[in-house]
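Asks: Provided herewith is a single structure, encoded as structure tokens, for subsequent inquiry.
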Amino acid sequence: MMEHTTGIKTLADLKRIQEEVRARISLRDKAENPESLVQVKVAMATCGIASGAKEVMEFFALELDKRGIDAVVTQTGCMGYCFAEPTVEITLPGHDPMVFGYVNPKKADEIIERYIKNGELVDGIIPQNYNTIES
Amino acid sequence: MSQFKMHLLVCAGTGCHSSQSDLVYEMLRDEVDRKRLEGEVQIIRTGCFGFCEKGPIVKVLPDNTFYTQVKPSDAREIIDEHVIKGRRVERLLYLDPETEEHVLDSKHMGFYKKQLRIALRNCGTIDPENIDESIARNAYQALGKAITEMSPQETIDLIKRSGLRGRGGAGFPTGLKWEIASRNQADRKYVVCNADEGDPGAFMDRSILEGDPHSVLEAMAICGYCIGATKGLIYIRAEYPLAIRRLKVAIAQAREYGLLGEQIFGTSFSFDISLKYGAGAFVCGEETALIHSMEGKRGEPANKPPFPAQSGYLGKPTNVNNVETLANIPVIILKGAEWFSSIGTEKSKGTKVFALAGKINNVGLIEVPMGITLREIIYEIGGGIKNNKKFKAVQTGGPSGGCLTEKHLDTPIDYESLTAAGSMMGSGGMIVLDEDDCMVSVAKFYLDFIVEESCGKCAPCRIGNKRLFETLERICNGKGTEEDLEKLKNLSNVIKDTSLCGLGQTSPNPVLSTLSNFYDEYKEHVFDKKCRSGRCQNLLYYVIDDEDCVGCMACVRVCPVNAITGAKKQTHYIHQDKCIKCGACMEKCQFDAISLLNDYPRLSPVTADA
């Protein structure tokens, strides 16, 4: 369980270890205020998984972290756009959710760079044409 | 390092543990393994979430879903539905009793809205048996900062400025206590953590030790640095096995990292901690008795002075702090005295943890800023009185405290206001009573506890409390006299004034506060032989209803003391002076003609010729 048995000799040692282990619980800190973060929901029903949603989800989780964007990546059920799987719903803080279809890692990269970072719209947006009831 | 996409936090506090949360954890793990999700879903056993009423609790992150009363058999559904398909399991969500709607995440639960968690900051968020998770949440940073960047006096001054006061009950300023201990010169000094939590219904300290042991260890080391001690001792009752285990794990991990032991953070400061077990005597929460018990002597208190800060454990200067007090220390050092003193009231700073129990909807562990009102605690956090009954009183401060009533509902809570209202902060037990509770019986309950727990060293406590208990028992049995009421008051004051230690000096508080707030109930018991709540068995009366009784003689025959008279086909009558209230007649009657009343029946028997 403990990964650093070399011992902590200085305050700097402690801070270094903290940096290393922080990622492990960062999700718990982030979960305190999900509204202030970029929320990425990947549709992971049978249709999504079959079209490679798992790979896309891993890409988002890894790359957002690597590029220093505070985000919460979760999975969700089928959004109904089975023709356009994998589908991803992205909610920027203060914006309405936006759904993207046919997302592969290449598309995901474009979404991160252009939509998440700059708010530019990219191809592949599925217009939301229904209402949901508040649960 | 692998990046988990979901965290499932399973409460492993004693409350949830006793309702099989360990099995829930095992089943979730099995299910995750079966579905090959090991690398994506992390399942963590955490400390207490506080919402013990609805345990076992499972919280799913990142969406903050709060599942209540999870059974081991629910594990599969949670994994299949929520984790894999992303659909919440509706039936396990918390049902808001007011709106009757499922609450999706914990942020929208009334229970958490008004809380401010400082001492409980990590309870329910981290795995208490993994030091890395504590470190990720800033553990040992305050210790590092204090011993490498601050002098002991600077650290003490910071604690003094913060306004932190002892959370064990009396509310002595913590910084001042440390300063006194630091000024006494000796070759050895000791830091003691008082984890002898003894109030009936209180579990604040246990939950902190189970959920976040490192915060206490760190604070003890900081205290050691400030007062010049190298040895820390935790006095914990043996009946807290889970807390003991987590402490042992935490101490071992901290030693391995070099956060306890020799030359911490490369400085000349060394500090180590060991455990001392208590056998669970209430009086051992008193610091002099606690020290005696640690020395292997009888757990009896001693006269003060000398204070432990002068001559404590093994005759050396000793600083004793309560668990919750210590848990506040690291945050104060990291966030500053000004931050801490901005929370709370003028004289009581910061927050207080309360164990909410009794006739309340949300039984559990809460932490609220000082100055909150009882009304907010009971009706907003606690969700109101169970079964929509009427609120009667709150017992705070355990056996040393008193009752607060409706008129105190809007008083801001702090050390001073509670004392002024005839109660005390105590360690934080809060028992809510409703209209079905008899206040004389409540006082009797606490005196019974005190009689059991009095160490017997001084006469006022040993004999006085016994007499108080007997008088209360007499009143509850309907044998009390007017003189008894006077005696209760006088004797209580004598015990308060003449007892040796804090236990005796506060033990009559439950009597005095019920006497002053509920004198009417005492009078009813004594003069009308009536207990309005129906709690006092001996003040209930079996009565035969004239209309329903057919005169079958069944009750007359079954009564073991011949208290029932009446001829065949005549209405029967129960003579209250003979009745021993065994209930045999009521059981026997096939016509439901016998009922139990809490008013003394003044009717006379229907005579044969009437």
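Chain labels A, B, ... are given in the sequence in which chains occur in the structure tokens; within each chain residues are numbered consecutively from 1, and ligands are likewise numbered from 1 in the order shown.
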Define the interface residues of chain B facing chain A as those within 8 Å, counting only C-alpha atoms, and report them as number ranges by chain.

Replies: B: 3-7, 61-64, 83-87, 125-126, 130-133, 135-138, 140-141, 144-145, 148, 253, 256-259, 264-266

Asks: Could you list, as a short mmCIF file (atom, residue, chain, number, x, y, z; two decimals) with N, CA and C atoms, in the first residue's frame, every residue within 9 Å of B:Leu418, counting only C-alpha atoms and ignoring same-chain residues fewer than 5 positions away?

Replies:
```
data_model
loop_
_atom_site.label_atom_id
_atom_site.label_comp_id
_atom_site.auth_asym_id
_atom_site.auth_seq_id
_atom_site.Cartn_x
_atom_site.Cartn_y
_atom_site.Cartn_z
N THR B 396 -27.84 17.84 26.47
CA THR B 396 -26.47 18.00 25.96
C THR B 396 -25.49 17.79 27.10
N GLY B 402 -27.13 19.13 30.96
CA GLY B 402 -28.51 19.33 31.36
C GLY B 402 -29.41 19.35 30.15
N LEU B 404 -32.00 21.30 27.52
CA LEU B 404 -32.40 22.56 26.94
C LEU B 404 -33.81 22.36 26.41
N THR B 411 -31.29 29.93 20.82
CA THR B 411 -30.05 30.42 21.43
C THR B 411 -28.87 29.94 20.59
N PRO B 412 -27.96 30.85 20.21
CA PRO B 412 -26.76 30.39 19.50
C PRO B 412 -25.93 29.51 20.43
N ILE B 413 -25.49 28.39 19.94
CA ILE B 413 -24.77 27.45 20.80
C ILE B 413 -23.29 27.79 20.92
N SER B 423 -26.88 23.95 31.13
CA SER B 423 -26.33 22.71 30.61
C SER B 423 -24.85 22.93 30.40
N MET B 424 -24.24 22.15 29.55
CA MET B 424 -22.86 22.43 29.19
C MET B 424 -22.55 21.82 27.83
N MET B 425 -21.44 22.29 27.23
CA MET B 425 -21.04 21.77 25.93
C MET B 425 -20.73 20.28 26.05
#
```

Asks: Please list as an MDAnalysis selection string every residue within 10 Å of B:Lys35, counting only C-alpha atoms and excluding residues in the same chain fewer than 3 positions away.

Replies: chainID B and resid 29:32 38 79:80 84

Asks: Got a sec: who's within 12 Å of A:Lys106, counting only C-alpha atoms, leaving out chain neighbours fewer than 4 positions off, as a ChimeraX atom specification?

Replies: /A:55-56,59-60,63,102,110-113

Asks: Among stretch 223-409 of chain B, which ones does DSSP assign to alpha helix (DSSP H) (computed from the backbone)? Answer as number ranges by chain.

Replies: B: 223-227, 241-257, 287-294, 323-335, 337-341, 374-375

Asks: Taking the DSSP secondary structure from the backbone, can you list the residues of stretch 222-414 of chain B that are strand (DSSP E or B), as number ranges by chain?

Replies: B: 231-237, 261, 271-278, 318-322, 344, 349, 351-358, 360, 364-369, 373, 385, 391-396, 402-405, 412

Asks: Residues as selected, C-alpha atoms, written as a PDB file, in the first residue's frame, can you do that?

Replies:
```pdb
ATOM      1  CA  LYS B 231       6.693  10.885  23.968  1.00  0.00           C
ATOM      2  CA  GLY B 232       2.995  10.758  23.206  1.00  0.00           C
ATOM      3  CA  LEU B 233       0.408   8.442  24.695  1.00  0.00           C
ATOM      4  CA  ILE B 234      -3.128   7.804  23.516  1.00  0.00           C
ATOM      5  CA  TYR B 235      -5.433   6.685  26.285  1.00  0.00           C
ATOM      6  CA  ILE B 236      -8.177   4.787  24.515  1.00  0.00           C
ATOM      7  CA  ARG B 237     -10.827   2.465  25.811  1.00  0.00           C
ATOM      8  CA  GLY B 261      10.464   8.556  15.446  1.00  0.00           C
ATOM      9  CA  PHE B 271       8.652  12.072  18.852  1.00  0.00           C
ATOM     10  CA  ASP B 272       6.942   8.730  19.175  1.00  0.00           C
ATOM     11  CA  ILE B 273       3.473   7.615  20.175  1.00  0.00           C
ATOM     12  CA  SER B 274       2.134   4.533  21.882  1.00  0.00           C
ATOM     13  CA  LEU B 275      -1.280   3.385  23.024  1.00  0.00           C
ATOM     14  CA  LYS B 276      -2.586   2.829  26.541  1.00  0.00           C
ATOM     15  CA  TYR B 277      -5.836   0.957  26.968  1.00  0.00           C
ATOM     16  CA  GLY B 278      -8.526   1.875  29.421  1.00  0.00           C
ATOM     17  CA  THR B 318       1.915  16.295  30.994  1.00  0.00           C
ATOM     18  CA  ASN B 319      -0.404  17.938  28.512  1.00  0.00           C
ATOM     19  CA  VAL B 320      -3.758  16.215  28.057  1.00  0.00           C
ATOM     20  CA  ASN B 321      -5.940  17.080  25.065  1.00  0.00           C
ATOM     21  CA  ASN B 322      -9.109  15.592  23.736  1.00  0.00           C
ATOM     22  CA  GLY B 344     -17.873  30.828  15.438  1.00  0.00           C
ATOM     23  CA  LYS B 349     -14.231  29.764  17.869  1.00  0.00           C
ATOM     24  CA  THR B 351     -16.775  24.223  15.001  1.00  0.00           C
ATOM     25  CA  LYS B 352     -18.069  21.496  17.259  1.00  0.00           C
ATOM     26  CA  VAL B 353     -18.822  17.890  16.474  1.00  0.00           C
ATOM     27  CA  PHE B 354     -22.033  16.550  17.944  1.00  0.00           C
ATOM     28  CA  ALA B 355     -23.358  13.035  18.089  1.00  0.00           C
ATOM     29  CA  LEU B 356     -27.021  13.484  17.336  1.00  0.00           C
ATOM     30  CA  ALA B 357     -29.176  10.795  18.883  1.00  0.00           C
ATOM     31  CA  GLY B 358     -32.598  10.119  20.328  1.00  0.00           C
ATOM     32  CA  ILE B 360     -34.652  12.568  15.690  1.00  0.00           C
ATOM     33  CA  GLY B 364     -25.621  10.707  13.164  1.00  0.00           C
ATOM     34  CA  LEU B 365     -22.440  12.643  13.508  1.00  0.00           C
ATOM     35  CA  ILE B 366     -22.445  16.314  12.608  1.00  0.00           C
ATOM     36  CA  GLU B 367     -19.975  19.172  12.713  1.00  0.00           C
ATOM     37  CA  VAL B 368     -21.367  22.684  12.868  1.00  0.00           C
ATOM     38  CA  PRO B 369     -19.933  26.159  13.392  1.00  0.00           C
ATOM     39  CA  THR B 373     -28.983  27.437  16.909  1.00  0.00           C
ATOM     40  CA  ILE B 385     -38.521  14.879  15.394  1.00  0.00           C
ATOM     41  CA  PHE B 391     -40.175  18.374  20.619  1.00  0.00           C
ATOM     42  CA  LYS B 392     -39.643  18.394  24.357  1.00  0.00           C
ATOM     43  CA  ALA B 393     -35.958  18.843  25.211  1.00  0.00           C
ATOM     44  CA  VAL B 394     -32.387  18.204  24.181  1.00  0.00           C
ATOM     45  CA  GLN B 395     -29.967  16.684  26.608  1.00  0.00           C
ATOM     46  CA  THR B 396     -26.475  17.999  25.964  1.00  0.00           C
ATOM     47  CA  GLY B 402     -28.512  19.326  31.356  1.00  0.00           C
ATOM     48  CA  CYS B 403     -31.626  19.773  29.310  1.00  0.00           C
ATOM     49  CA  LEU B 404     -32.401  22.562  26.935  1.00  0.00           C
ATOM     50  CA  THR B 405     -36.025  23.215  26.155  1.00  0.00           C
ATOM     51  CA  PRO B 412     -26.764  30.385  19.495  1.00  0.00           C
TER      52      PRO B 412
END
```

Asks: Find the residues near stretch 435-439 of chain B: any atom within 9 Å, counting only C-alpha atoms, skip ones fewer than 6 places away on the same chain, and give them as a PDB file with C-alpha atoms, in the first residue's frame.

Replies:
```pdb
ATOM      1  CA  LYS B 389     -44.030  14.138  17.519  1.00  0.00           C
ATOM      2  CA  LYS B 390     -43.664  17.266  19.573  1.00  0.00           C
ATOM      3  CA  PHE B 391     -40.175  18.374  20.619  1.00  0.00           C
ATOM      4  CA  LYS B 392     -39.643  18.394  24.357  1.00  0.00           C
ATOM      5  CA  ALA B 393     -35.958  18.843  25.211  1.00  0.00           C
ATOM      6  CA  THR B 514     -34.935  19.072  34.829  1.00  0.00           C
ATOM      7  CA  LEU B 515     -36.094  20.502  38.159  1.00  0.00           C
ATOM      8  CA  PHE B 518     -39.810  20.673  34.112  1.00  0.00           C
ATOM      9  CA  GLU B 521     -43.700  17.077  35.741  1.00  0.00           C
ATOM     10  CA  TYR B 522     -42.058  16.461  39.094  1.00  0.00           C
ATOM     11  CA  CYS B 531     -46.668  10.489  34.593  1.00  0.00           C
ATOM     12  CA  ARG B 532     -47.933  12.353  31.546  1.00  0.00           C
ATOM     13  CA  SER B 533     -45.752  10.458  29.115  1.00  0.00           C
ATOM     14  CA  GLY B 534     -46.784   7.076  30.447  1.00  0.00           C
ATOM     15  CA  ARG B 535     -43.144   6.104  30.890  1.00  0.00           C
ATOM     16  CA  CYS B 536     -43.265   5.385  34.598  1.00  0.00           C
TER      17      CYS B 536
END
```
